[in-house]
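Below is the file work-v3.cif, which contains mmCIF, C-alpha atoms.
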data_protein
loop_
_atom_site.group_PDB
_atom_site.id
_atom_site.type_symbol
_atom_site.label_atom_id
_atom_site.label_comp_id
_atom_site.auth_asym_id
_atom_site.auth_seq_id
_atom_site.Cartn_x
_atom_site.Cartn_y
_atom_site.Cartn_z
ATOM 1 C CA ALA G 115 22.708 23.890 -20.437
ATOM 2 C CA GLN G 116 22.075 23.881 -16.710
ATOM 3 C CA SER G 117 20.559 20.619 -15.556
ATOM 4 C CA VAL G 118 20.113 18.191 -12.692
ATOM 5 C CA THR G 119 20.430 14.429 -12.954
ATOM 6 C CA GLN G 120 19.318 11.893 -10.389
ATOM 7 C CA LEU G 121 20.827 8.489 -11.024
ATOM 8 C CA GLY G 122 18.335 5.725 -10.395
ATOM 9 C CA SER G 123 14.611 6.307 -10.603
ATOM 10 C CA HIS G 124 13.995 3.573 -8.018
ATOM 11 C CA VAL G 125 16.137 2.620 -5.038
ATOM 12 C CA SER G 126 15.258 -0.246 -2.717
ATOM 13 C CA VAL G 127 16.903 -0.800 0.667
ATOM 14 C CA SER G 128 16.208 -2.917 3.716
ATOM 15 C CA GLU G 129 15.116 -1.284 6.940
ATOM 16 C CA GLY G 130 18.241 -0.284 8.875
ATOM 17 C CA ALA G 131 20.451 -0.184 5.782
ATOM 18 C CA LEU G 132 22.299 2.819 4.382
ATOM 19 C CA VAL G 133 20.354 5.080 2.052
ATOM 20 C CA LEU G 134 22.255 6.716 -0.816
ATOM 21 C CA LEU G 135 20.431 8.818 -3.399
ATOM 22 C CA ARG G 136 22.566 10.377 -6.121
ATOM 23 C CA CYS G 137 22.348 13.848 -7.612
ATOM 24 C CA ASN G 138 24.633 15.560 -10.105
ATOM 25 C CA TYR G 139 24.273 19.016 -11.586
ATOM 26 C CA SER G 140 25.655 20.623 -14.674
ATOM 27 C CA SER G 141 26.896 24.174 -14.250
ATOM 28 C CA SER G 142 30.150 26.101 -14.341
ATOM 29 C CA VAL G 143 29.085 28.034 -11.260
ATOM 30 C CA PRO G 144 28.098 26.213 -8.060
ATOM 31 C CA PRO G 145 24.384 26.676 -7.597
ATOM 32 C CA TYR G 146 22.242 26.548 -4.513
ATOM 33 C CA LEU G 147 21.275 22.918 -3.946
ATOM 34 C CA PHE G 148 18.242 21.395 -2.282
ATOM 35 C CA TRP G 149 16.738 18.017 -1.488
ATOM 36 C CA TYR G 150 12.954 17.750 -1.193
ATOM 37 C CA VAL G 151 10.802 14.779 -0.191
ATOM 38 C CA GLN G 152 7.293 14.120 -1.454
ATOM 39 C CA TYR G 153 4.907 11.725 0.231
ATOM 40 C CA PRO G 154 1.873 10.469 -1.710
ATOM 41 C CA ASN G 155 -0.774 13.141 -2.297
ATOM 42 C CA GLN G 156 1.279 15.753 -0.488
ATOM 43 C CA GLY G 157 3.379 18.735 -1.449
ATOM 44 C CA LEU G 158 7.141 18.813 -1.374
ATOM 45 C CA GLN G 159 8.925 19.229 1.934
ATOM 46 C CA LEU G 160 12.471 20.539 2.266
ATOM 47 C CA LEU G 161 14.956 18.039 3.698
ATOM 48 C CA LEU G 162 18.081 20.184 3.483
ATOM 49 C CA LYS G 163 19.877 22.799 1.428
ATOM 50 C CA TYR G 164 23.423 23.816 0.517
ATOM 51 C CA THR G 165 24.140 27.527 0.275
ATOM 52 C CA SER G 166 27.963 27.737 0.111
ATOM 53 C CA ALA G 167 28.592 27.373 3.816
ATOM 54 C CA ALA G 168 29.648 23.939 5.128
ATOM 55 C CA THR G 169 29.942 21.293 2.423
ATOM 56 C CA LEU G 170 28.351 18.661 4.663
ATOM 57 C CA VAL G 171 24.770 19.628 5.296
ATOM 58 C CA LYS G 172 22.521 18.032 7.888
ATOM 59 C CA GLY G 173 18.793 17.994 7.407
ATOM 60 C CA ILE G 174 15.652 16.688 8.986
ATOM 61 C CA ASN G 175 14.843 13.048 9.767
ATOM 62 C CA GLY G 176 18.530 12.065 9.970
ATOM 63 C CA PHE G 177 19.366 12.876 6.342
ATOM 64 C CA GLU G 178 22.525 14.623 5.248
ATOM 65 C CA ALA G 179 24.180 15.538 1.974
ATOM 66 C CA GLU G 180 27.692 16.447 0.917
ATOM 67 C CA PHE G 181 28.480 19.022 -1.733
ATOM 68 C CA LYS G 182 31.474 18.003 -3.868
ATOM 69 C CA LYS G 183 32.399 20.712 -6.318
ATOM 70 C CA SER G 184 34.982 18.599 -8.146
ATOM 71 C CA GLU G 185 32.347 15.956 -8.842
ATOM 72 C CA THR G 186 29.447 18.425 -9.263
ATOM 73 C CA SER G 187 27.486 16.188 -6.918
ATOM 74 C CA PHE G 188 25.161 16.547 -3.948
ATOM 75 C CA HIS G 189 24.288 13.008 -2.890
ATOM 76 C CA LEU G 190 21.782 12.384 -0.110
ATOM 77 C CA THR G 191 22.498 9.822 2.600
ATOM 78 C CA LYS G 192 20.990 8.397 5.737
ATOM 79 C CA PRO G 193 22.859 5.824 7.849
ATOM 80 C CA SER G 194 19.854 3.702 8.724
ATOM 81 C CA ALA G 195 16.635 3.562 6.713
ATOM 82 C CA HIS G 196 13.266 3.563 8.399
ATOM 83 C CA MET G 197 10.003 2.369 6.915
ATOM 84 C CA SER G 198 8.673 5.922 7.104
ATOM 85 C CA ASP G 199 11.424 7.083 4.722
ATOM 86 C CA ALA G 200 9.619 5.458 1.795
ATOM 87 C CA ALA G 201 8.743 8.371 -0.505
ATOM 88 C CA GLU G 202 9.865 10.204 -3.614
ATOM 89 C CA TYR G 203 12.979 12.338 -3.314
ATOM 90 C CA PHE G 204 13.863 15.252 -5.549
ATOM 91 C CA CYS G 205 17.156 17.025 -5.956
ATOM 92 C CA ALA G 206 16.764 20.642 -7.040
ATOM 93 C CA VAL G 207 19.076 23.494 -7.915
ATOM 94 C CA SER G 208 18.704 27.233 -8.092
ATOM 95 C CA PHE G 209 21.033 28.856 -10.573
ATOM 96 C CA SER G 210 19.491 32.278 -10.293
ATOM 97 C CA SER G 211 19.955 34.483 -7.270
ATOM 98 C CA ASN G 212 17.484 36.884 -8.859
ATOM 99 C CA THR G 213 14.473 34.611 -9.146
ATOM 100 C CA GLY G 214 15.290 31.592 -7.012
ATOM 101 C CA LYS G 215 13.433 29.334 -9.452
ATOM 102 C CA LEU G 216 14.195 25.675 -8.974
ATOM 103 C CA ILE G 217 15.245 23.118 -11.559
ATOM 104 C CA PHE G 218 14.349 19.629 -10.368
ATOM 105 C CA GLY G 219 15.757 16.231 -11.130
ATOM 106 C CA GLN G 220 13.371 13.540 -12.283
ATOM 107 C CA GLY G 221 13.093 12.087 -8.797
ATOM 108 C CA THR G 222 14.042 8.859 -7.057
ATOM 109 C CA THR G 223 11.463 6.614 -5.442
ATOM 110 C CA LEU G 224 12.822 5.070 -2.255
ATOM 111 C CA GLN G 225 11.387 1.731 -1.216
ATOM 112 C CA VAL G 226 12.189 0.413 2.260
ATOM 113 C CA LYS G 227 11.733 -3.310 2.798
ATOM 114 C CA PRO G 228 11.090 -4.774 6.244
ATOM 115 C CA ASP I 212 -2.006 26.126 9.879
ATOM 116 C CA THR I 213 -0.388 28.928 7.899
ATOM 117 C CA GLY I 214 1.153 26.874 5.095
ATOM 118 C CA VAL I 215 0.572 27.278 1.379
ATOM 119 C CA SER I 216 -2.935 26.287 0.360
ATOM 120 C CA GLN I 217 -4.272 25.437 -3.084
ATOM 121 C CA ASN I 218 -7.811 25.050 -4.355
ATOM 122 C CA PRO I 219 -9.278 22.950 -5.689
ATOM 123 C CA ARG I 220 -7.264 19.866 -4.835
ATOM 124 C CA HIS I 221 -8.679 17.979 -7.796
ATOM 125 C CA LYS I 222 -10.248 19.156 -11.032
ATOM 126 C CA ILE I 223 -11.715 17.033 -13.800
ATOM 127 C CA THR I 224 -12.696 18.844 -16.945
ATOM 128 C CA LYS I 225 -13.498 18.165 -20.562
ATOM 129 C CA ARG I 226 -11.151 19.126 -23.342
ATOM 130 C CA GLY I 227 -11.758 22.675 -24.487
ATOM 131 C CA GLN I 228 -13.037 23.963 -21.166
ATOM 132 C CA ASN I 229 -11.344 26.690 -19.124
ATOM 133 C CA VAL I 230 -10.096 26.048 -15.602
ATOM 134 C CA THR I 231 -8.750 28.292 -12.857
ATOM 135 C CA PHE I 232 -6.672 27.326 -9.852
ATOM 136 C CA ARG I 233 -5.986 29.377 -6.769
ATOM 137 C CA CYS I 234 -2.941 29.525 -4.531
ATOM 138 C CA ASP I 235 -2.758 31.247 -1.157
ATOM 139 C CA PRO I 236 0.888 31.650 -0.131
ATOM 140 C CA ILE I 237 2.281 31.975 3.347
ATOM 141 C CA SER I 238 1.495 35.424 4.631
ATOM 142 C CA GLU I 239 4.194 37.999 3.882
ATOM 143 C CA HIS I 240 6.064 35.766 1.447
ATOM 144 C CA ASN I 241 6.838 38.065 -1.425
ATOM 145 C CA ARG I 242 7.854 35.387 -3.925
ATOM 146 C CA LEU I 243 5.353 32.993 -5.484
ATOM 147 C CA TYR I 244 6.039 30.220 -7.980
ATOM 148 C CA TRP I 245 3.955 27.885 -10.118
ATOM 149 C CA TYR I 246 5.293 24.495 -11.194
ATOM 150 C CA ARG I 247 3.796 21.634 -13.176
ATOM 151 C CA GLN I 248 4.495 18.003 -12.351
ATOM 152 C CA THR I 249 3.609 15.111 -14.605
ATOM 153 C CA LEU I 250 3.593 11.492 -13.532
ATOM 154 C CA GLY I 251 7.064 10.149 -12.837
ATOM 155 C CA GLN I 252 8.767 13.489 -13.364
ATOM 156 C CA GLY I 253 10.089 16.280 -11.217
ATOM 157 C CA PRO I 254 8.265 19.606 -11.061
ATOM 158 C CA GLU I 255 8.900 22.004 -13.941
ATOM 159 C CA PHE I 256 8.970 25.748 -13.454
ATOM 160 C CA LEU I 257 6.102 27.673 -15.048
ATOM 161 C CA THR I 258 6.174 31.208 -13.714
ATOM 162 C CA TYR I 259 7.331 33.447 -10.873
ATOM 163 C CA PHE I 260 5.992 36.530 -9.096
ATOM 164 C CA GLN I 261 7.815 39.019 -6.949
ATOM 165 C CA ASN I 262 4.968 40.633 -5.043
ATOM 166 C CA GLU I 263 2.383 41.461 -7.763
ATOM 167 C CA ALA I 264 4.862 41.551 -10.646
ATOM 168 C CA GLN I 265 5.176 38.509 -12.887
ATOM 169 C CA LEU I 266 8.907 38.548 -13.588
ATOM 170 C CA GLU I 267 9.539 35.312 -15.445
ATOM 171 C CA LYS I 268 7.551 32.854 -17.541
ATOM 172 C CA SER I 269 8.732 29.516 -18.838
ATOM 173 C CA ARG I 270 8.418 28.560 -22.494
ATOM 174 C CA LEU I 271 6.150 25.810 -21.149
ATOM 175 C CA LEU I 272 3.581 28.507 -20.435
ATOM 176 C CA SER I 273 1.764 28.743 -23.734
ATOM 177 C CA ASP I 274 -0.666 31.503 -24.670
ATOM 178 C CA ARG I 275 -3.470 29.430 -23.201
ATOM 179 C CA PHE I 276 -1.980 29.853 -19.728
ATOM 180 C CA SER I 277 -2.226 33.026 -17.698
ATOM 181 C CA ALA I 278 -1.305 33.752 -14.116
ATOM 182 C CA GLU I 279 -2.025 36.693 -11.892
ATOM 183 C CA ARG I 280 -1.182 37.811 -8.400
ATOM 184 C CA PRO I 281 -3.280 40.881 -7.655
ATOM 185 C CA LYS I 282 -2.069 42.962 -4.736
ATOM 186 C CA GLY I 283 0.786 40.542 -4.186
ATOM 187 C CA SER I 284 -1.312 38.156 -2.144
ATOM 188 C CA PHE I 285 -3.046 35.083 -3.595
ATOM 189 C CA SER I 286 -2.409 33.946 -7.146
ATOM 190 C CA THR I 287 -4.533 32.349 -9.844
ATOM 191 C CA LEU I 288 -3.484 30.181 -12.752
ATOM 192 C CA GLU I 289 -5.947 29.915 -15.624
ATOM 193 C CA ILE I 290 -5.789 27.471 -18.488
ATOM 194 C CA GLN I 291 -7.988 28.220 -21.465
ATOM 195 C CA ARG I 292 -9.192 25.628 -23.976
ATOM 196 C CA THR I 293 -7.685 22.756 -22.010
ATOM 197 C CA GLU I 294 -5.999 19.911 -23.829
ATOM 198 C CA GLN I 295 -5.333 16.366 -22.656
ATOM 199 C CA GLY I 296 -1.645 17.215 -22.433
ATOM 200 C CA ASP I 297 -2.462 19.719 -19.699
ATOM 201 C CA SER I 298 -3.296 16.872 -17.329
ATOM 202 C CA ALA I 299 -0.803 17.180 -14.482
ATOM 203 C CA MET I 300 -0.301 18.256 -10.887
ATOM 204 C CA TYR I 301 0.011 22.033 -10.589
ATOM 205 C CA LEU I 302 2.109 23.071 -7.611
ATOM 206 C CA CYS I 303 2.366 26.465 -6.013
ATOM 207 C CA ALA I 304 5.223 27.533 -3.752
ATOM 208 C CA SER I 305 6.060 30.670 -1.851
ATOM 209 C CA SER I 306 9.299 32.015 -0.482
ATOM 210 C CA PRO I 307 10.390 34.893 1.724
ATOM 211 C CA GLY I 308 13.155 37.308 0.908
ATOM 212 C CA THR I 309 14.919 37.958 -2.346
ATOM 213 C CA SER I 310 17.788 35.480 -2.384
ATOM 214 C CA GLY I 311 18.191 32.419 -4.554
ATOM 215 C CA ASP I 312 18.886 30.210 -1.558
ATOM 216 C CA ASN I 313 15.583 30.859 0.155
ATOM 217 C CA GLU I 314 13.540 27.753 0.872
ATOM 218 C CA GLN I 315 10.378 27.389 -1.166
ATOM 219 C CA PHE I 316 7.332 26.168 0.723
ATOM 220 C CA PHE I 317 5.044 24.065 -1.419
ATOM 221 C CA GLY I 318 1.307 23.634 -1.333
ATOM 222 C CA PRO I 319 -0.393 20.233 -1.751
ATOM 223 C CA GLY I 320 -1.067 20.861 -5.428
ATOM 224 C CA THR I 321 -4.080 20.798 -7.728
ATOM 225 C CA ARG I 322 -4.419 17.656 -9.813
ATOM 226 C CA LEU I 323 -5.960 18.393 -13.205
ATOM 227 C CA THR I 324 -7.445 15.670 -15.361
ATOM 228 C CA VAL I 325 -8.556 16.630 -18.862
ATOM 229 C CA LEU I 326 -10.885 14.102 -20.471
#
Hey, can you dump this file as structure tokens for me?
Amino acid sequence: AQSVTQLGSHVSVSEGALVLLRCNYSSSVPPYLFWYVQYPNQGLQLLLKYTSAATLVKGINGFEAEFKKSETSFHLTKPSAHMSDAAEYFCAVSFSSNTGKLIFGQGTTLQVKP
Amino acid sequence: DTGVSQNPRHKITKRGQNVTFRCDPISEHNRLYWYRQTLGQGPEFLTYFQNEAQLEKSRLLSDRFSAERPKGSFSTLEIQRTEQGDSAMYLCASSPGTSGDNEQFFGPGTRLTVL
């Protein structure tokens, strides 16, 4: 079955430290891949997406993600965490070019400590 | 602002009552999606419209749920005879184009509490 797994429901880093949020998908065909961020009481905002162009994708707010087909992964990174990065992050995949419906991971809450 | 809007933002109802939510997508976005998000989980797909046609429904969408998108503009999601298990955040998203890699733009959601 097609699925998305985010390893670690909570990640805590110090301000200025590297942020690494993990995402793996299960599919025989590379899907379209997305990272969304959700701040409290707000909707989801797109950080970046992979659509079979460059494997290293740069997004907003200094985030980037690398698609690794051999590992079926799409991990999200940021070199230096900022307090404002504290939020919930969702990895999502679209396996259907017809509908574009998204399958989301369970989310990772990022805590940034001063 | 021309983002996706949803109304109401919060709804508290008693078990057994009917509720209706509205979503206004970004103008000219032909795709519209409904998702449900429970506490501590990622959003789960409920249903999808291409213009006014409802083209896919999840098995999560029981007979008590119905969605419409008349004239391919706004959409409504109705839940009949609400149950406590329906308590969740209901998210609407819209997307341009017809490709699977199109970004979905999400509204702020409607939080439903069933007492």
Could you please select, counting all atoms listed in the file, the residues of chain G within 12 Å of chain I and state them as an MDAnalysis selection string?
-> chainID G and resid 117:120 123:124 144:167 202:223
For C-alpha atoms, I'd like the residues from the last selection saved as a PDB file, in the coordinates of the input.
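Done, and the output landed in again.pdb:
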ATOM      1  CA  SER G 117      20.559  20.619 -15.556  1.00  0.00           C
ATOM      2  CA  VAL G 118      20.113  18.191 -12.692  1.00  0.00           C
ATOM      3  CA  THR G 119      20.430  14.429 -12.954  1.00  0.00           C
ATOM      4  CA  GLN G 120      19.318  11.893 -10.389  1.00  0.00           C
ATOM      5  CA  SER G 123      14.611   6.307 -10.603  1.00  0.00           C
ATOM      6  CA  HIS G 124      13.995   3.573  -8.018  1.00  0.00           C
ATOM      7  CA  PRO G 144      28.098  26.213  -8.060  1.00  0.00           C
ATOM      8  CA  PRO G 145      24.384  26.676  -7.597  1.00  0.00           C
ATOM      9  CA  TYR G 146      22.242  26.548  -4.513  1.00  0.00           C
ATOM     10  CA  LEU G 147      21.275  22.918  -3.946  1.00  0.00           C
ATOM     11  CA  PHE G 148      18.242  21.395  -2.282  1.00  0.00           C
ATOM     12  CA  TRP G 149      16.738  18.017  -1.488  1.00  0.00           C
ATOM     13  CA  TYR G 150      12.954  17.750  -1.193  1.00  0.00           C
ATOM     14  CA  VAL G 151      10.802  14.779  -0.191  1.00  0.00           C
ATOM     15  CA  GLN G 152       7.293  14.120  -1.454  1.00  0.00           C
ATOM     16  CA  TYR G 153       4.907  11.725   0.231  1.00  0.00           C
ATOM     17  CA  PRO G 154       1.873  10.469  -1.710  1.00  0.00           C
ATOM     18  CA  ASN G 155      -0.774  13.141  -2.297  1.00  0.00           C
ATOM     19  CA  GLN G 156       1.279  15.753  -0.488  1.00  0.00           C
ATOM     20  CA  GLY G 157       3.379  18.735  -1.449  1.00  0.00           C
ATOM     21  CA  LEU G 158       7.141  18.813  -1.374  1.00  0.00           C
ATOM     22  CA  GLN G 159       8.925  19.229   1.934  1.00  0.00           C
ATOM     23  CA  LEU G 160      12.471  20.539   2.266  1.00  0.00           C
ATOM     24  CA  LEU G 161      14.956  18.039   3.698  1.00  0.00           C
ATOM     25  CA  LEU G 162      18.081  20.184   3.483  1.00  0.00           C
ATOM     26  CA  LYS G 163      19.877  22.799   1.428  1.00  0.00           C
ATOM     27  CA  TYR G 164      23.423  23.816   0.517  1.00  0.00           C
ATOM     28  CA  THR G 165      24.140  27.527   0.275  1.00  0.00           C
ATOM     29  CA  SER G 166      27.963  27.737   0.111  1.00  0.00           C
ATOM     30  CA  ALA G 167      28.592  27.373   3.816  1.00  0.00           C
ATOM     31  CA  GLU G 202       9.865  10.204  -3.614  1.00  0.00           C
ATOM     32  CA  TYR G 203      12.979  12.338  -3.314  1.00  0.00           C
ATOM     33  CA  PHE G 204      13.863  15.252  -5.549  1.00  0.00           C
ATOM     34  CA  CYS G 205      17.156  17.025  -5.956  1.00  0.00           C
ATOM     35  CA  ALA G 206      16.764  20.642  -7.040  1.00  0.00           C
ATOM     36  CA  VAL G 207      19.076  23.494  -7.915  1.00  0.00           C
ATOM     37  CA  SER G 208      18.704  27.233  -8.092  1.00  0.00           C
ATOM     38  CA  PHE G 209      21.033  28.856 -10.573  1.00  0.00           C
ATOM     39  CA  SER G 210      19.491  32.278 -10.293  1.00  0.00           C
ATOM     40  CA  SER G 211      19.955  34.483  -7.270  1.00  0.00           C
ATOM     41  CA  ASN G 212      17.484  36.884  -8.859  1.00  0.00           C
ATOM     42  CA  THR G 213      14.473  34.611  -9.146  1.00  0.00           C
ATOM     43  CA  GLY G 214      15.290  31.592  -7.012  1.00  0.00           C
ATOM     44  CA  LYS G 215      13.433  29.334  -9.452  1.00  0.00           C
ATOM     45  CA  LEU G 216      14.195  25.675  -8.974  1.00  0.00           C
ATOM     46  CA  ILE G 217      15.245  23.118 -11.559  1.00  0.00           C
ATOM     47  CA  PHE G 218      14.349  19.629 -10.368  1.00  0.00           C
ATOM     48  CA  GLY G 219      15.757  16.231 -11.130  1.00  0.00           C
ATOM     49  CA  GLN G 220      13.371  13.540 -12.283  1.00  0.00           C
ATOM     50  CA  GLY G 221      13.093  12.087  -8.797  1.00  0.00           C
ATOM     51  CA  THR G 222      14.042   8.859  -7.057  1.00  0.00           C
ATOM     52  CA  THR G 223      11.463   6.614  -5.442  1.00  0.00           C
TER      53      THR G 223
END
Segment 242-256 of chain I, all listed atoms, 8 Å padding on each side: what axis-aligned box centre and edge lengths in Å to one decimal come out, as lines of an AutoDock Vina configuration file?
center_x = 6.8
center_y = 22.8
center_z = -9.3
size_x = 22.5
size_y = 41.2
size_z = 26.7
Taken to one decimal, the atom CA of Pro281 of chain I-atom CA of Ser305 of chain I distance is 15.0 Å
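Atom pair atom CA of Leu134 of chain G / atom CA of Ser184 of chain G has a distance of 18.9 Å (rounded to one decimal).
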Find the residues around Ser198 of chain G up to 10 Å (only C-alpha atoms counted), leave out those fewer than 6 positions away in its own chain, and share them as a PyMOL selection string.
-> chain G and resi 129+153+175+225-226
Reference answer for the PyMOL selection byres ((chain I and resi 282) around 8), as a VMD selection string = chain I and resid 262 to 263 280 to 281 283 to 284
From the list I:Asp297, I:Arg292, I:Gly214, I:Ala278, the nearest residue to Arg233 of chain I using only C-alpha atoms is I:Ala278
So how far away is atom CA of Gly173 of chain G from atom CA of Cys234 of chain I, in Å?
->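 Rounded to one decimal, the two atoms are 27.3 Å apart.
Proximity to Val143 of chain G was assessed for G:Gln116, G:Lys227, G:His189, G:Gly176 counting only C-alpha atoms; the smallest distance is recorded for G:Gln116.
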Mind telling me what the PyMOL selection byres ((chain I and resi 289) around 7) catches here, as a ChimeraX atom specification?
-> /I:230-232,276-278,287-288,290-291
Select, from G:Ser194, G:Leu121, G:Lys183, G:Ala200, the residue with the minimum atom-to-atom distance to Leu135 of chain G, counting all atoms listed in the file.
-> G:Leu121
